[in-house]
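Notes to accompany the following structure.
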Amino acid sequence: MALLYERICAHVLEQLRRGALRPGDRVPSEMELAAQFEVSRITSKRALEVLREAGLVERVRGKGTFVVRRLPDLTDLTVPLRPSRRREARSIALIVPDMSEAYGLDLLNAIEERSAEYGAHLVVRRTHGRQTDEEKAVDSLVSAVDGLIVFPVHGDFYNASLLRQVLDGFPVVLVDRHLSGIPVAAVHTDNVAAARALTTRLLEQGHEHIAFVSPPPVNTSSIEDRLEGFRTAFGEQGQPYELTDLRSTLPGSTTTESVRADMATIRAFRDRRPEVTAYFACEYNLARMVDRALGDRVVACFDSPGDSIGGPPYLHVRQNQTEMGRRAVDLLLALLRGEEVPNLSYVPFELIDPET
């Protein structure tokens, strides 16, 4: 199915072939095309930019868009149109919930360094885990940058603004998470395989009763996938448990009251399930909370910086944030060159014991 902006491109290309539009003719404006095709102005702007990159039109500031004086051969041109020359991003934006040494800082550093290698200007916008702020960031940045790298917020619903840009064909690459069923490039750890490997290690250590601990997983692909990997690790061996309603470690939700409430929930779970000897936390800060609340249980998690931030190390999955960041920039620049990229790109992970 053609993307919305591709319908506009196909229409203009047909007009050129029929001679309805000739060299030097004015092309309908963003507003006119948006009204004609019943799409957003962002979509019509994207179409005109693609036509410009394909060498079919030129945009004159303050005057409008015009068919170029010397058209290329239209015979073999097809939609989607490809750029007439190699073009790198002038500027890209990174939208993230937040960042810390526990997770996110290495990702940011890698994206910044890779962008600099390509001479691309990087804009960073934090959303503090709020979907409304993420929507505002997307809406404000699409008209100012060439493409977006987005670390989606945790949430029960997908970001409508982000979905609209993806469906309109704006260049977007997701990091750390993917949108299930949505055709958008995403680069992240194979969370199913990583969680299965970590759970299997706990089973091999002799833990027969293991609990998975997380915030609500709905529509947060990284947690959904880790929960799936946890579940699939159990065959005839062991017994899985789940505690997935903790919220205090979510960006913007950490308060004294929320932490106390979650620790009370963890202790109440322990009292109901005293047979559980190991807890698999979906991320490091939650692992520290479980450790503080219980103190006498084995804790494992994703991403454990341990001594580097003054906290205890745990058996953990180490994600390759550097490779994730580099690959995200590479994918976005490939999209901006008009190349096809895979929807899912996995980066390697390691299992790290606390003693190593």
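Each chain of the structure tokens is named A, B, ... in the order shown, its residues numbered from 1; ligands are numbered from 1 in display order.
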* Close residues, A:Ile266 itself excluded, 8 Å, only C-alpha atoms, min 5 positions apart in chain, as JSON, numbers by chain -> {"A": [290, 293, 294]}
Output file for the residues above (all heavy atoms, as a PDB file, in the first residue's frame):
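Just written: again10.pdb:
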```pdb
ATOM      1  N   VAL A 290      14.081  -4.050  44.502  1.00  0.00           N
ATOM      2  CA  VAL A 290      13.793  -5.399  44.997  1.00  0.00           C
ATOM      3  C   VAL A 290      14.833  -5.809  46.037  1.00  0.00           C
ATOM      4  O   VAL A 290      14.496  -6.365  47.097  1.00  0.00           O
ATOM      5  CB  VAL A 290      13.769  -6.408  43.833  1.00  0.00           C
ATOM      6  CG1 VAL A 290      13.675  -7.838  44.366  1.00  0.00           C
ATOM      7  CG2 VAL A 290      12.598  -6.119  42.891  1.00  0.00           C
ATOM      8  N   ALA A 293      14.192  -3.980  49.253  1.00  0.00           N
ATOM      9  CA  ALA A 293      12.959  -4.419  49.914  1.00  0.00           C
ATOM     10  C   ALA A 293      13.108  -5.786  50.567  1.00  0.00           C
ATOM     11  O   ALA A 293      12.543  -6.036  51.647  1.00  0.00           O
ATOM     12  CB  ALA A 293      11.812  -4.449  48.913  1.00  0.00           C
ATOM     13  N   LEU A 294      13.895  -6.680  49.947  1.00  0.00           N
ATOM     14  CA  LEU A 294      13.966  -8.057  50.427  1.00  0.00           C
ATOM     15  C   LEU A 294      15.303  -8.388  51.076  1.00  0.00           C
ATOM     16  O   LEU A 294      15.338  -8.928  52.175  1.00  0.00           O
ATOM     17  CB  LEU A 294      13.688  -9.033  49.270  1.00  0.00           C
ATOM     18  CG  LEU A 294      12.365  -8.814  48.525  1.00  0.00           C
ATOM     19  CD1 LEU A 294      12.190  -9.869  47.448  1.00  0.00           C
ATOM     20  CD2 LEU A 294      11.180  -8.834  49.494  1.00  0.00           C
TER      21      LEU A 294
END
```
* Asked: Leaving out A:Phe37 and any residue of its chain fewer than 2 positions from it, which residues lie within 10 Å of it when counting only C-alpha atoms, given as a list of chain:residue names?
  ->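 The neighbour list is A:Leu4, A:Tyr5, A:Arg7, A:Ile8, A:Glu32, A:Leu33, A:Ala34, A:Ala35, A:Val39, A:Ser40, A:Thr43, A:Ser44.
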* To do: Would you mind writing down, as JSON, numbers by chain, each residue of stretch 9-206 of chain A that DSSP on the backbone assigns to strand (DSSP E)?
  => {"A": [26, 27, 57, 58, 59, 60, 64, 65, 66, 67, 91, 92, 93, 94, 95, 96, 121, 122, 123, 124, 125, 126, 147, 148, 149, 150, 172, 173, 174, 175, 185, 186, 187, 188, 189]}
Could you write out that same residue set with C-alpha atoms as an mmCIF file, in the first residue's frame?
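Ended up saving to result_7.cif:
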```cif
data_model
loop_
_atom_site.group_PDB
_atom_site.id
_atom_site.type_symbol
_atom_site.label_atom_id
_atom_site.label_comp_id
_atom_site.auth_asym_id
_atom_site.auth_seq_id
_atom_site.Cartn_x
_atom_site.Cartn_y
_atom_site.Cartn_z
ATOM 1 C CA ARG A 26 4.318 26.347 -10.588
ATOM 2 C CA VAL A 27 3.448 23.213 -8.592
ATOM 3 C CA VAL A 57 11.026 20.354 -8.815
ATOM 4 C CA GLU A 58 12.838 23.231 -7.162
ATOM 5 C CA ARG A 59 11.586 25.206 -4.204
ATOM 6 C CA VAL A 60 12.101 28.974 -4.265
ATOM 7 C CA GLY A 64 6.749 28.471 -4.178
ATOM 8 C CA THR A 65 7.641 25.207 -5.901
ATOM 9 C CA PHE A 66 8.335 24.964 -9.641
ATOM 10 C CA VAL A 67 9.093 22.253 -12.172
ATOM 11 C CA SER A 91 20.040 17.558 10.947
ATOM 12 C CA ILE A 92 18.466 14.770 12.966
ATOM 13 C CA ALA A 93 16.684 14.713 16.309
ATOM 14 C CA LEU A 94 16.883 12.231 19.154
ATOM 15 C CA ILE A 95 13.796 12.018 21.369
ATOM 16 C CA VAL A 96 14.338 10.104 24.633
ATOM 17 C CA HIS A 121 23.638 18.216 13.392
ATOM 18 C CA LEU A 122 21.981 16.465 16.352
ATOM 19 C CA VAL A 123 19.096 17.892 18.380
ATOM 20 C CA VAL A 124 18.198 16.122 21.649
ATOM 21 C CA ARG A 125 14.804 16.421 23.307
ATOM 22 C CA ARG A 126 13.876 14.711 26.590
ATOM 23 C CA GLY A 147 14.668 12.628 10.436
ATOM 24 C CA LEU A 148 13.937 11.348 13.936
ATOM 25 C CA ILE A 149 15.483 8.751 16.225
ATOM 26 C CA VAL A 150 12.932 7.991 18.946
ATOM 27 C CA VAL A 172 11.919 7.585 11.709
ATOM 28 C CA VAL A 173 14.070 5.004 13.482
ATOM 29 C CA LEU A 174 13.153 3.638 16.907
ATOM 30 C CA VAL A 175 15.719 2.549 19.479
ATOM 31 C CA ALA A 185 12.679 0.694 11.411
ATOM 32 C CA ALA A 186 13.697 -0.265 14.948
ATOM 33 C CA VAL A 187 17.039 -1.288 16.427
ATOM 34 C CA HIS A 188 17.215 -3.017 19.793
ATOM 35 C CA THR A 189 18.275 -6.082 21.736
#
```
Can I get the residues of stretch 316-338 of chain A within 12 Å of stretch 347-351 of chain A, each with the closest pair of atoms and their distance in Å to one decimal, using only C-alpha atoms, sorted chain first then ascending number, as a tab-separated table?
```
residue	atom	partner	partner_atom	distance
A:His316	CA	A:Leu351	CA	5.8
A:Val317	CA	A:Leu351	CA	4.7
A:Arg318	CA	A:Glu350	CA	5.1
A:Gln319	CA	A:Phe349	CA	4.9
A:Asn320	CA	A:Phe349	CA	6.0
A:Gln321	CA	A:Val347	CA	8.5
A:Thr322	CA	A:Val347	CA	9.6
A:Glu323	CA	A:Val347	CA	6.7
A:Met324	CA	A:Val347	CA	6.2
A:Gly325	CA	A:Val347	CA	10.0
A:Arg326	CA	A:Val347	CA	10.5
A:Arg327	CA	A:Val347	CA	8.7
A:Ala328	CA	A:Val347	CA	10.6
```
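Nearest-residue note for A:Leu202: choosing from A:Val298, A:Ile111, A:Val50, A:Cys9, the minimum distance belongs to A:Val298, counting only C-alpha atoms.
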* If you run DSSP on the backbone, which residues of stretch 122-223 of chain A are helix (DSSP H, G or I), as a PyMOL selection string? -> chain A and resi 131-141+160-168+191-204+221-223
* Interatomic distance between atom CA of A:Arg337 and atom CA of A:Ser221? ->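 Separating atom CA of A:Arg337 from atom CA of A:Ser221 is a distance of 28.2 Å.
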* To do: Write out as a ChimeraX atom specification the residues lying within 10 Å of A:Asn285, counting only C-alpha atoms and excluding same-chain residues fewer than 5 positions away.
  => /A:102-103,248-250,290-291,301-304,311
* Find the residues near A:Pro354: any atom within 10 Å, counting only C-alpha atoms, skip ones fewer than 4 places away on the same chain, and give them as a PyMOL selection string. => chain A and resi 300+304+306+312-316
* Asked: Between A:Gln237, A:Thr220, A:Thr75, A:Ser180, which has the minimum distance to A:Asn343 (counting only C-alpha atoms)?
  -> A:Ser180
